[in-house]
Protein chains: 2
Amino acid sequence: MTVTLADVAARARVSPATVSRVLNGNYPVAAATRERVLRAVDDLDYVLNGQASALAAATSDLVGILVNDIADPFFGIMAGAAQSEIGGPGDGSGRAGGEKLAVVCNTGGSPDRELTYLTLLQRQRAAAVVLTGGAVEDPAYQTAMAAKLARLADAGTRVVLCGRPPLPDGAAVVAALAFDNQGGGRMLTKHLLSLGHRRIGYVAGPLERTTTRHRLEGHREAMRGSGLCGDEDRLTVHGSYDRRSGYDATVELLRREPEITAVVAANDTVALGAAAAIRDRGLRIPEDISVAGFDDLPFSVDVVPALTTVRLPLFEAGARAGRLAMGKENPPPGGIALVPAELMVRGSTAAPRG
Amino acid sequence: MTVTLADVAARARVSPATVSRVLNGNYPVAAATRERVLRAVDDLDYVLNGQASALAAATSDLVGILVNDIADPFFGIMAGAAQSEIGGPGDGSGRAGGEKLAVVCNTGGSPDRELTYLTLLQRQRAAAVVLTGGAVEDPAYQTAMAAKLARLADAGTRVVLCGRPPLPDGAAVVAALAFDNQGGGRMLTKHLLSLGHRRIGYVAGPLERTTTRHRLEGHREAMRGSGLCGDEDRLTVHGSYDRRSGYDATVELLRREPEITAVVAANDTVALGAAAAIRDRGLRIPEDISVAGFDDLPFSVDVVPALTTVRLPLFEAGARAGRLAMGKENPPPGGIALVPAELMVRGSTAAPRG
DNA sequence: CTGTTAGCGCGTTCAT
DNA sequence: ATGAACGCGCTAACAG
């Protein structure tokens, strides 16, 4: 039923080894024989058995890309960029040569699922793994993750972190590309302060994630730099990284302190929810309240007014992570690179009234 | 270096066969021995070799989900839903039991890459494959795709189509869940007609995709139903499914016919671009021009004014496709189901002036 | 340049 | 309930 390499060999009247050599192209084969073999392959609709091949050669062509939320363009952009560097262009024949199989795994932000996916990829002896997005700061999880990554690296899997801080205990990874979330947060709040804002609400992400903490720390640094503090906890509401959460948190923020003149959101999606809450309250943006986001996702320029935000080079970082995973690019010094953020000032922020 | 099942067996003082039985749990093993084996597994940090196991058992735990654009929530939502049905919840141990490895492959909308991915998945002897999104209508591609899917099905891979019309030549697939793009398009344009619009511009997607054609056909049906025709080609501009394309096409539409009172876009993302073009021209939405989209992506309710659009149950369809792929749900009669669309009337459409 | 031989790590018969 | 032996389909030496 299923056609094997031996069948091809028989039909081409050569040995299995020769067929293997033709298919892998890593060895000299006479043009005539190669022709015969390829014809037999086509005649028989033969497709290499990946597992047998991987088992024998002790290598795999699978590369995993882990994301927290596949429906969020933040991850989609990084994953797509990484995949395009890994997958190769394809030769148009649909026959597939030595390409890697770059696959995206959706963890849903759950540490358990993340660990499970890593085990599954370890089972497949994945050639490389790219982890995207912020990490959870639970100690037990950190330990488990560090151990698992060490074992993966150990087994020859190249591990790359993209948009995630380096592991606490040092490397064990090929490279870590960390976003400058703290610097971005600082920049953004400084911008608001320079416009004259003093009462600034902050809609933060989930408490336990590094991304949340770093962005919030940048914000508070800027606030303290202007001598503003004390109200920090009252003017901060935590939620998840989605629109609904942004809406609810903003409602709560306005209840706690109706006099705020600006709302900084954990990311652009959350900012969308914040803006909706503000409008539903009958307030105008930016005349009554300024709103700012983070990430600069594609839609941010399209909302009205366009969103002031911090741009993260998601595509570039994803692509670089992909190249790093493939060994097509040298790791940064120390295996760690801080990817810079850029302030994008648009219409959603302005000087406060009066 | 790498620890194998034999190592575990040696440490647990049992035969390799027993270890295998414990791990797969498909066979009676004495509780005491099982304990010993599991302890040895933990002690040695043993992880099953997926390829060896797959090779021996002639089964694979890989399930592929193909998407056109991973950065587009349209696909992300479907893929995430499918993956959640396939991957299993994980048991929290990170140890991974009999889970399938659900992976997402990004084709970038390229037929070649799509075919290449299918070959790669075929190589891995994937347990199932879910194809999402509209198909390209090129005959050569259709033939190649049908042949490839037939071969996959033949090799035991369960093939499910999600948001894609059934193959021309009949099944060979477990199930095809097709969106009612035509009905949705008709509904939407009827809504505009009922508001009093007569000169309606259409920003269509890429010419060769089924999704584009079906939505456009629905639109034209509605137009003809109101006795409106003739201007069809002049009032239709094709582009890709992205914001930029929506912007450019709308500029062109307004150049060709400044008197249009409504613009229907191929999808929500394109509608965003259309709206930007209209605003940049100094026109108001919906007072001067109404705008409508398709899909009802999460952001559509957040733009201002909120977007009138056609809701597709992306999550539900993706989840169902996942269950179908796993054999957890029975296929619809004939293997084909038409997934209904729902009109969502919001602020971006209103009666034309005058 | 090509054929022969020997595993890769595991599941699965058979025995026992 | 457990162990021994074979083979899954392929690649990697080693000859020739």
# chains A, B, ... in the order shown; residues from 1 in each chain; ligands from 1

$ closest_atom_pairs --of "chain B" --to "chain D" --cutoff "9 Å" --atoms "only C-alpha atoms (C1' of nucleotides)" --output "Markdown table"
| residue | atom | partner | partner_atom | distance |
| --- | --- | --- | --- | --- |
| B:Val14 | CA | D:DT2 | C1' | 8.2 |
| B:Ser15 | CA | D:DG3 | C1' | 6.2 |
| B:Pro16 | CA | D:DG3 | C1' | 8.7 |
| B:Ala17 | CA | D:DG3 | C1' | 7.6 |
| B:Thr18 | CA | D:DT2 | C1' | 7.1 |
| B:Pro28 | CA | D:DA1 | C1' | 7.3 |
| B:Val29 | CA | D:DA1 | C1' | 6.3 |
| B:Ala30 | CA | D:DA1 | C1' | 6.7 |
| B:Ala52 | CA | D:DC8 | C1' | 8.7 |
| B:Ala54 | CA | D:DC8 | C1' | 8.9 |
| B:Leu55 | CA | D:DC8 | C1' | 5.4 |
| B:Ala56 | CA | D:DC8 | C1' | 4.8 |
| B:Ala57 | CA | D:DC8 | C1' | 7.5 |
| B:Ala58 | CA | D:DC8 | C1' | 7.2 |

$ write_last_selection --atoms "N, CA, C and O atoms" --output "mmCIF file, in the first residue's frame"
data_model
loop_
_atom_site.group_PDB
_atom_site.id
_atom_site.type_symbol
_atom_site.label_atom_id
_atom_site.label_comp_id
_atom_site.auth_asym_id
_atom_site.auth_seq_id
_atom_site.Cartn_x
_atom_site.Cartn_y
_atom_site.Cartn_z
ATOM 1 N N VAL B 14 13.851 -4.029 34.079
ATOM 2 C CA VAL B 14 12.783 -4.714 33.335
ATOM 3 C C VAL B 14 13.195 -4.741 31.872
ATOM 4 O O VAL B 14 14.238 -4.201 31.503
ATOM 5 N N SER B 15 12.385 -5.335 31.049
ATOM 6 C CA SER B 15 12.717 -5.368 29.623
ATOM 7 C C SER B 15 12.184 -4.098 28.951
ATOM 8 O O SER B 15 11.249 -3.479 29.443
ATOM 9 N N PRO B 16 12.794 -3.741 27.846
ATOM 10 C CA PRO B 16 12.328 -2.573 27.082
ATOM 11 C C PRO B 16 10.836 -2.662 26.777
ATOM 12 O O PRO B 16 10.133 -1.644 26.819
ATOM 13 N N ALA B 17 10.377 -3.831 26.509
ATOM 14 C CA ALA B 17 8.957 -4.004 26.172
ATOM 15 C C ALA B 17 8.065 -3.514 27.300
ATOM 16 O O ALA B 17 7.049 -2.850 27.078
ATOM 17 N N THR B 18 8.473 -3.809 28.507
ATOM 18 C CA THR B 18 7.670 -3.390 29.654
ATOM 19 C C THR B 18 7.623 -1.871 29.781
ATOM 20 O O THR B 18 6.579 -1.282 30.044
ATOM 21 N N PRO B 28 -1.786 -4.258 30.366
ATOM 22 C CA PRO B 28 -1.707 -4.456 31.813
ATOM 23 C C PRO B 28 -0.255 -4.590 32.285
ATOM 24 O O PRO B 28 0.519 -5.344 31.708
ATOM 25 N N VAL B 29 0.064 -3.849 33.308
ATOM 26 C CA VAL B 29 1.388 -3.932 33.919
ATOM 27 C C VAL B 29 1.187 -3.882 35.429
ATOM 28 O O VAL B 29 0.362 -3.114 35.917
ATOM 29 N N ALA B 30 1.936 -4.676 36.163
ATOM 30 C CA ALA B 30 1.796 -4.684 37.620
ATOM 31 C C ALA B 30 2.121 -3.308 38.184
ATOM 32 O O ALA B 30 3.037 -2.637 37.725
ATOM 33 N N ALA B 52 11.037 7.517 16.327
ATOM 34 C CA ALA B 52 11.191 6.076 16.453
ATOM 35 C C ALA B 52 9.840 5.440 16.773
ATOM 36 O O ALA B 52 9.451 4.426 16.198
ATOM 37 N N ALA B 54 6.890 6.688 16.217
ATOM 38 C CA ALA B 54 5.982 6.813 15.081
ATOM 39 C C ALA B 54 6.321 5.780 14.014
ATOM 40 O O ALA B 54 5.449 5.176 13.396
ATOM 41 N N LEU B 55 7.605 5.593 13.817
ATOM 42 C CA LEU B 55 8.041 4.640 12.796
ATOM 43 C C LEU B 55 7.592 3.226 13.153
ATOM 44 O O LEU B 55 7.036 2.506 12.323
ATOM 45 N N ALA B 56 7.813 2.868 14.376
ATOM 46 C CA ALA B 56 7.464 1.513 14.797
ATOM 47 C C ALA B 56 5.948 1.297 14.785
ATOM 48 O O ALA B 56 5.467 0.253 14.363
ATOM 49 N N ALA B 57 5.227 2.288 15.245
ATOM 50 C CA ALA B 57 3.784 2.120 15.362
ATOM 51 C C ALA B 57 3.054 2.519 14.083
ATOM 52 O O ALA B 57 1.857 2.299 13.957
ATOM 53 N N ALA B 58 3.787 3.139 13.160
ATOM 54 C CA ALA B 58 3.183 3.598 11.911
ATOM 55 C C ALA B 58 2.042 4.580 12.167
ATOM 56 O O ALA B 58 1.006 4.531 11.511
#

$ closest_atom_pairs --of "chain C" --to "chain B" --cutoff "10 Å" --atoms "only C-alpha atoms (C1' of nucleotides)" --output "JSON lines"
{"residue": "C:DC8", "atom": "C1'", "partner": "B:Ala52", "partner_atom": "CA", "distance": 8.0}
{"residue": "C:DG9", "atom": "C1'", "partner": "B:Ala52", "partner_atom": "CA", "distance": 5.0}
{"residue": "C:DC10", "atom": "C1'", "partner": "B:Ser53", "partner_atom": "CA", "distance": 4.9}
{"residue": "C:DG11", "atom": "C1'", "partner": "B:Ala56", "partner_atom": "CA", "distance": 5.3}
{"residue": "C:DT12", "atom": "C1'", "partner": "B:Ala57", "partner_atom": "CA", "distance": 8.4}

$ atom_distance --atom1 "atom CA of Ile336 of chain A" --atom2 "atom CA of Val104 of chain A"
23.2 Å

$ residues_around --residues "segment 268-284 of chain B" --least-positions-apart "5" --cutoff "10 Å" --atoms "only C-alpha atoms (C1' of nucleotides)" --output "PDB file with C-alpha atoms, in the first residue's frame"
ATOM      1  CA  PRO A 298      -1.089  47.697  12.143  1.00  0.00           C
ATOM      2  CA  PHE A 299      -4.557  48.848  13.183  1.00  0.00           C
ATOM      3  CA  VAL A 301      -2.791  54.024  12.757  1.00  0.00           C
ATOM      4  CA  ASP A 302      -6.360  53.448  11.627  1.00  0.00           C
ATOM      5  CA  VAL A 303      -8.355  54.061  14.714  1.00  0.00           C
ATOM      6  CA  VAL A 304      -9.673  57.578  15.140  1.00  0.00           C
TER       7      VAL A 304
ATOM      8  CA  ASP B  72      -4.311  38.140  10.283  1.00  0.00           C
ATOM      9  CA  PRO B  73      -6.738  37.478  13.145  1.00  0.00           C
ATOM     10  CA  PHE B  74      -9.162  35.998  10.643  1.00  0.00           C
ATOM     11  CA  VAL B 203     -13.258  47.042  -3.019  1.00  0.00           C
ATOM     12  CA  ALA B 204     -12.691  43.400  -3.830  1.00  0.00           C
ATOM     13  CA  GLY B 205      -9.950  40.982  -2.839  1.00  0.00           C
ATOM     14  CA  GLY B 239      -6.604  44.353  -4.495  1.00  0.00           C
ATOM     15  CA  SER B 240      -5.104  42.189  -1.812  1.00  0.00           C
ATOM     16  CA  TYR B 241      -6.664  41.525   1.579  1.00  0.00           C
ATOM     17  CA  ASP B 242      -4.815  44.230   3.446  1.00  0.00           C
ATOM     18  CA  ARG B 243      -5.317  47.731   4.697  1.00  0.00           C
ATOM     19  CA  ARG B 244      -3.005  49.416   2.244  1.00  0.00           C
ATOM     20  CA  SER B 245      -4.774  47.854  -0.648  1.00  0.00           C
ATOM     21  CA  GLY B 246      -8.104  49.058   0.733  1.00  0.00           C
ATOM     22  CA  TYR B 247      -6.768  52.567   0.934  1.00  0.00           C
ATOM     23  CA  ASP B 248      -5.427  52.622  -2.592  1.00  0.00           C
ATOM     24  CA  ALA B 249      -8.462  50.979  -4.115  1.00  0.00           C
ATOM     25  CA  THR B 250     -10.770  53.474  -2.461  1.00  0.00           C
ATOM     26  CA  VAL B 251      -8.742  56.392  -3.763  1.00  0.00           C
ATOM     27  CA  GLU B 252      -9.114  54.895  -7.217  1.00  0.00           C
ATOM     28  CA  LEU B 253     -12.833  54.315  -6.696  1.00  0.00           C
ATOM     29  CA  LEU B 254     -13.388  57.922  -5.690  1.00  0.00           C
ATOM     30  CA  VAL B 263     -18.077  51.519  -0.189  1.00  0.00           C
ATOM     31  CA  ILE B 289     -20.088  57.853   2.525  1.00  0.00           C
ATOM     32  CA  SER B 290     -21.089  54.610   4.229  1.00  0.00           C
ATOM     33  CA  VAL B 291     -18.484  51.904   4.717  1.00  0.00           C
ATOM     34  CA  ALA B 292     -18.992  48.195   5.294  1.00  0.00           C
ATOM     35  CA  GLY B 293     -16.655  45.279   5.863  1.00  0.00           C
ATOM     36  CA  PHE B 294     -16.768  41.498   6.163  1.00  0.00           C
ATOM     37  CA  ASP B 295     -15.761  38.974   8.871  1.00  0.00           C
ATOM     38  CA  ASP B 296     -16.484  40.988  12.017  1.00  0.00           C
ATOM     39  CA  LEU B 297     -13.003  40.772  13.429  1.00  0.00           C
ATOM     40  CA  PRO B 298     -12.632  41.885  17.046  1.00  0.00           C
ATOM     41  CA  PHE B 299     -11.422  45.381  16.213  1.00  0.00           C
ATOM     42  CA  SER B 300     -14.431  46.148  14.022  1.00  0.00           C
ATOM     43  CA  VAL B 303     -13.204  51.696  15.143  1.00  0.00           C
ATOM     44  CA  VAL B 304     -15.154  54.924  15.014  1.00  0.00           C
ATOM     45  CA  PRO B 305     -17.791  54.728  13.799  1.00  0.00           C
ATOM     46  CA  LEU B 307     -18.072  48.976  11.368  1.00  0.00           C
ATOM     47  CA  THR B 308     -21.135  47.493   9.762  1.00  0.00           C
ATOM     48  CA  THR B 309     -20.027  44.062   8.636  1.00  0.00           C
ATOM     49  CA  VAL B 310     -20.923  40.416   8.134  1.00  0.00           C
ATOM     50  CA  SER B 348     -20.528  53.091   9.665  1.00  0.00           C
TER      51      SER B 348
END

$ select_by_dssp --residues "segment 137-345 of chain B" --states "alpha helix (DSSP H)" --output "ChimeraX atom specification"
/B:139-154,181-195,210-225,243-256,268-280,314-326

$ residues_around --residues "Pro313 of chain B" --least-positions-apart "2" --cutoff "12 Å" --atoms "only C-alpha atoms (C1' of nucleotides)" --output "PDB file with N, CA, C and O atoms, in the first residue's frame"
ATOM      1  N   PHE B  74      -8.195  36.857  11.325  1.00  0.00           N
ATOM      2  CA  PHE B  74      -9.162  35.998  10.643  1.00  0.00           C
ATOM      3  C   PHE B  74      -8.682  34.554  10.706  1.00  0.00           C
ATOM      4  O   PHE B  74      -9.436  33.640  11.059  1.00  0.00           O
ATOM      5  N   PHE B  75      -7.426  34.343  10.410  1.00  0.00           N
ATOM      6  CA  PHE B  75      -6.863  32.998  10.452  1.00  0.00           C
ATOM      7  C   PHE B  75      -6.462  32.600  11.863  1.00  0.00           C
ATOM      8  O   PHE B  75      -6.612  31.448  12.259  1.00  0.00           O
ATOM      9  N   ILE B  77      -7.809  33.310  14.664  1.00  0.00           N
ATOM     10  CA  ILE B  77      -8.945  32.868  15.467  1.00  0.00           C
ATOM     11  C   ILE B  77      -9.338  31.431  15.113  1.00  0.00           C
ATOM     12  O   ILE B  77      -9.529  30.582  15.976  1.00  0.00           O
ATOM     13  N   MET B  78      -9.415  31.162  13.828  1.00  0.00           N
ATOM     14  CA  MET B  78      -9.762  29.793  13.416  1.00  0.00           C
ATOM     15  C   MET B  78      -8.694  28.807  13.859  1.00  0.00           C
ATOM     16  O   MET B  78      -8.998  27.736  14.408  1.00  0.00           O
ATOM     17  N   ALA B  81      -8.699  28.163  17.614  1.00  0.00           N
ATOM     18  CA  ALA B  81      -9.845  27.345  18.026  1.00  0.00           C
ATOM     19  C   ALA B  81      -9.611  25.880  17.653  1.00  0.00           C
ATOM     20  O   ALA B  81      -9.854  24.970  18.454  1.00  0.00           O
ATOM     21  N   CYS B 162     -11.689  24.213   6.198  1.00  0.00           N
ATOM     22  CA  CYS B 162     -12.409  25.129   7.086  1.00  0.00           C
ATOM     23  C   CYS B 162     -12.432  26.532   6.487  1.00  0.00           C
ATOM     24  O   CYS B 162     -11.385  27.165   6.352  1.00  0.00           O
ATOM     25  N   GLY B 163     -13.624  26.973   6.102  1.00  0.00           N
ATOM     26  CA  GLY B 163     -13.732  28.274   5.458  1.00  0.00           C
ATOM     27  C   GLY B 163     -13.264  28.204   4.023  1.00  0.00           C
ATOM     28  O   GLY B 163     -12.794  29.179   3.456  1.00  0.00           O
ATOM     29  N   LEU B 177     -16.065  22.689   5.604  1.00  0.00           N
ATOM     30  CA  LEU B 177     -16.936  23.690   6.192  1.00  0.00           C
ATOM     31  C   LEU B 177     -16.760  24.965   5.368  1.00  0.00           C
ATOM     32  O   LEU B 177     -15.715  25.609   5.424  1.00  0.00           O
ATOM     33  N   ALA B 178     -17.773  25.308   4.606  1.00  0.00           N
ATOM     34  CA  ALA B 178     -17.665  26.484   3.738  1.00  0.00           C
ATOM     35  C   ALA B 178     -18.448  27.639   4.335  1.00  0.00           C
ATOM     36  O   ALA B 178     -19.566  27.462   4.803  1.00  0.00           O
ATOM     37  N   PHE B 179     -17.862  28.827   4.313  1.00  0.00           N
ATOM     38  CA  PHE B 179     -18.588  29.993   4.792  1.00  0.00           C
ATOM     39  C   PHE B 179     -19.570  30.447   3.721  1.00  0.00           C
ATOM     40  O   PHE B 179     -19.295  30.349   2.531  1.00  0.00           O
ATOM     41  N   ASP B 180     -20.666  30.971   4.167  1.00  0.00           N
ATOM     42  CA  ASP B 180     -21.641  31.477   3.192  1.00  0.00           C
ATOM     43  C   ASP B 180     -21.264  32.889   2.759  1.00  0.00           C
ATOM     44  O   ASP B 180     -21.959  33.860   3.072  1.00  0.00           O
ATOM     45  N   ASN B 181     -20.181  32.983   2.039  1.00  0.00           N
ATOM     46  CA  ASN B 181     -19.692  34.291   1.606  1.00  0.00           C
ATOM     47  C   ASN B 181     -20.656  34.978   0.657  1.00  0.00           C
ATOM     48  O   ASN B 181     -20.845  36.181   0.710  1.00  0.00           O
ATOM     49  N   PHE B 294     -16.368  42.909   6.183  1.00  0.00           N
ATOM     50  CA  PHE B 294     -16.768  41.498   6.163  1.00  0.00           C
ATOM     51  C   PHE B 294     -15.875  40.757   7.155  1.00  0.00           C
ATOM     52  O   PHE B 294     -14.676  41.033   7.217  1.00  0.00           O
ATOM     53  N   ASP B 295     -16.442  39.860   7.909  1.00  0.00           N
ATOM     54  CA  ASP B 295     -15.761  38.974   8.871  1.00  0.00           C
ATOM     55  C   ASP B 295     -16.124  39.281  10.326  1.00  0.00           C
ATOM     56  O   ASP B 295     -16.186  38.381  11.145  1.00  0.00           O
ATOM     57  N   ASP B 296     -16.271  40.576  10.623  1.00  0.00           N
ATOM     58  CA  ASP B 296     -16.484  40.988  12.017  1.00  0.00           C
ATOM     59  C   ASP B 296     -15.329  40.557  12.911  1.00  0.00           C
ATOM     60  O   ASP B 296     -15.511  39.849  13.903  1.00  0.00           O
ATOM     61  N   LEU B 297     -14.161  41.009  12.576  1.00  0.00           N
ATOM     62  CA  LEU B 297     -13.003  40.772  13.429  1.00  0.00           C
ATOM     63  C   LEU B 297     -13.153  41.596  14.704  1.00  0.00           C
ATOM     64  O   LEU B 297     -13.913  42.562  14.732  1.00  0.00           O
ATOM     65  N   PRO B 298     -12.443  41.230  15.751  1.00  0.00           N
ATOM     66  CA  PRO B 298     -12.632  41.885  17.046  1.00  0.00           C
ATOM     67  C   PRO B 298     -12.513  43.408  17.012  1.00  0.00           C
ATOM     68  O   PRO B 298     -13.214  44.103  17.725  1.00  0.00           O
ATOM     69  N   VAL B 310     -20.261  41.719   8.129  1.00  0.00           N
ATOM     70  CA  VAL B 310     -20.923  40.416   8.134  1.00  0.00           C
ATOM     71  C   VAL B 310     -20.136  39.508   9.056  1.00  0.00           C
ATOM     72  O   VAL B 310     -18.948  39.285   8.854  1.00  0.00           O
ATOM     73  N   ARG B 311     -20.802  39.014  10.058  1.00  0.00           N
ATOM     74  CA  ARG B 311     -20.109  38.183  11.038  1.00  0.00           C
ATOM     75  C   ARG B 311     -19.992  36.739  10.573  1.00  0.00           C
ATOM     76  O   ARG B 311     -20.979  36.104  10.195  1.00  0.00           O
ATOM     77  N   PHE B 315     -14.452  31.356  15.266  1.00  0.00           N
ATOM     78  CA  PHE B 315     -14.029  30.493  16.363  1.00  0.00           C
ATOM     79  C   PHE B 315     -14.779  29.159  16.330  1.00  0.00           C
ATOM     80  O   PHE B 315     -14.177  28.082  16.402  1.00  0.00           O
ATOM     81  N   GLU B 316     -16.077  29.261  16.204  1.00  0.00           N
ATOM     82  CA  GLU B 316     -16.900  28.044  16.195  1.00  0.00           C
ATOM     83  C   GLU B 316     -16.505  27.129  15.025  1.00  0.00           C
ATOM     84  O   GLU B 316     -16.393  25.912  15.192  1.00  0.00           O
ATOM     85  N   ALA B 317     -16.295  27.737  13.869  1.00  0.00           N
ATOM     86  CA  ALA B 317     -15.939  26.927  12.705  1.00  0.00           C
ATOM     87  C   ALA B 317     -14.578  26.261  12.908  1.00  0.00           C
ATOM     88  O   ALA B 317     -14.395  25.076  12.591  1.00  0.00           O
ATOM     89  N   GLY B 318     -13.633  27.013  13.460  1.00  0.00           N
ATOM     90  CA  GLY B 318     -12.305  26.458  13.692  1.00  0.00           C
ATOM     91  C   GLY B 318     -12.361  25.297  14.681  1.00  0.00           C
ATOM     92  O   GLY B 318     -11.737  24.257  14.486  1.00  0.00           O
ATOM     93  N   ALA B 319     -13.138  25.490  15.741  1.00  0.00           N
ATOM     94  CA  ALA B 319     -13.253  24.447  16.755  1.00  0.00           C
ATOM     95  C   ALA B 319     -13.888  23.193  16.148  1.00  0.00           C
ATOM     96  O   ALA B 319     -13.445  22.070  16.388  1.00  0.00           O
ATOM     97  N   ARG B 320     -14.890  23.413  15.341  1.00  0.00           N
ATOM     98  CA  ARG B 320     -15.548  22.275  14.725  1.00  0.00           C
ATOM     99  C   ARG B 320     -14.593  21.544  13.778  1.00  0.00           C
ATOM    100  O   ARG B 320     -14.550  20.304  13.754  1.00  0.00           O
ATOM    101  N   LEU B 338     -22.527  24.275   5.079  1.00  0.00           N
ATOM    102  CA  LEU B 338     -22.449  25.694   4.769  1.00  0.00           C
ATOM    103  C   LEU B 338     -22.599  26.445   6.091  1.00  0.00           C
ATOM    104  O   LEU B 338     -23.623  26.332   6.770  1.00  0.00           O
ATOM    105  N   VAL B 339     -21.583  27.182   6.452  1.00  0.00           N
ATOM    106  CA  VAL B 339     -21.608  27.912   7.721  1.00  0.00           C
ATOM    107  C   VAL B 339     -22.255  29.282   7.476  1.00  0.00           C
ATOM    108  O   VAL B 339     -21.771  30.051   6.659  1.00  0.00           O
ATOM    109  N   PRO B 340     -23.325  29.557   8.185  1.00  0.00           N
ATOM    110  CA  PRO B 340     -24.073  30.781   7.903  1.00  0.00           C
ATOM    111  C   PRO B 340     -23.368  32.054   8.363  1.00  0.00           C
ATOM    112  O   PRO B 340     -22.571  32.023   9.293  1.00  0.00           O
ATOM    113  N   ALA B 341     -23.676  33.147   7.695  1.00  0.00           N
ATOM    114  CA  ALA B 341     -23.123  34.451   8.049  1.00  0.00           C
ATOM    115  C   ALA B 341     -24.234  35.301   8.639  1.00  0.00           C
ATOM    116  O   ALA B 341     -25.413  35.023   8.440  1.00  0.00           O
ATOM    117  N   GLU B 342     -23.851  36.329   9.388  1.00  0.00           N
ATOM    118  CA  GLU B 342     -24.854  37.152  10.045  1.00  0.00           C
ATOM    119  C   GLU B 342     -24.519  38.632   9.856  1.00  0.00           C
ATOM    120  O   GLU B 342     -23.384  39.063  10.085  1.00  0.00           O
ATOM    121  N   LEU B 343     -25.512  39.409   9.449  1.00  0.00           N
ATOM    122  CA  LEU B 343     -25.291  40.840   9.222  1.00  0.00           C
ATOM    123  C   LEU B 343     -25.205  41.582  10.552  1.00  0.00           C
ATOM    124  O   LEU B 343     -26.069  41.418  11.423  1.00  0.00           O
TER     125      LEU B 343
END

$ atom_distance --atom1 "atom CA of Thr236 of chain B" --atom2 "atom CA of Ala266 of chain B"
10.6 Å

$ residues_around --residues "Gly80 of chain A" --least-positions-apart "5" --cutoff "7 Å" --atoms "only C-alpha atoms (C1' of nucleotides)" --output "ChimeraX atom specification"
/B:70-71,106

$ closest_residue --among "A:His197, A:Lys148, A:Arg164, A:His219" --to "chain B" --atoms "only C-alpha atoms"
A:Lys148

$ residues_around --residues "Ala155 of chain B" --least-positions-apart "2" --cutoff "8 Å" --atoms "only C-alpha atoms (C1' of nucleotides)" --output "compact mmCIF listing (two decimals) with N, CA and C atoms, in the first residue's frame"
# COMPACT_ATOMS: atom_id res chain seq x y z
N THR A 2 1.65 1.38 1.05
CA THR A 2 2.50 2.56 1.12
C THR A 2 3.85 2.27 0.44
N ARG B 125 3.86 12.00 7.89
CA ARG B 125 2.70 11.11 8.03
C ARG B 125 1.69 11.70 9.01
N ARG B 151 -3.93 11.79 -2.06
CA ARG B 151 -2.83 10.95 -1.60
C ARG B 151 -2.68 10.98 -0.08
N LEU B 152 -2.90 12.16 0.46
CA LEU B 152 -2.84 12.28 1.92
C LEU B 152 -3.92 11.42 2.56
N ALA B 153 -5.12 11.57 2.06
CA ALA B 153 -6.27 10.84 2.62
C ALA B 153 -6.00 9.35 2.55
N THR B 157 -4.24 10.18 6.41
CA THR B 157 -4.35 11.51 7.02
C THR B 157 -5.77 12.04 6.84
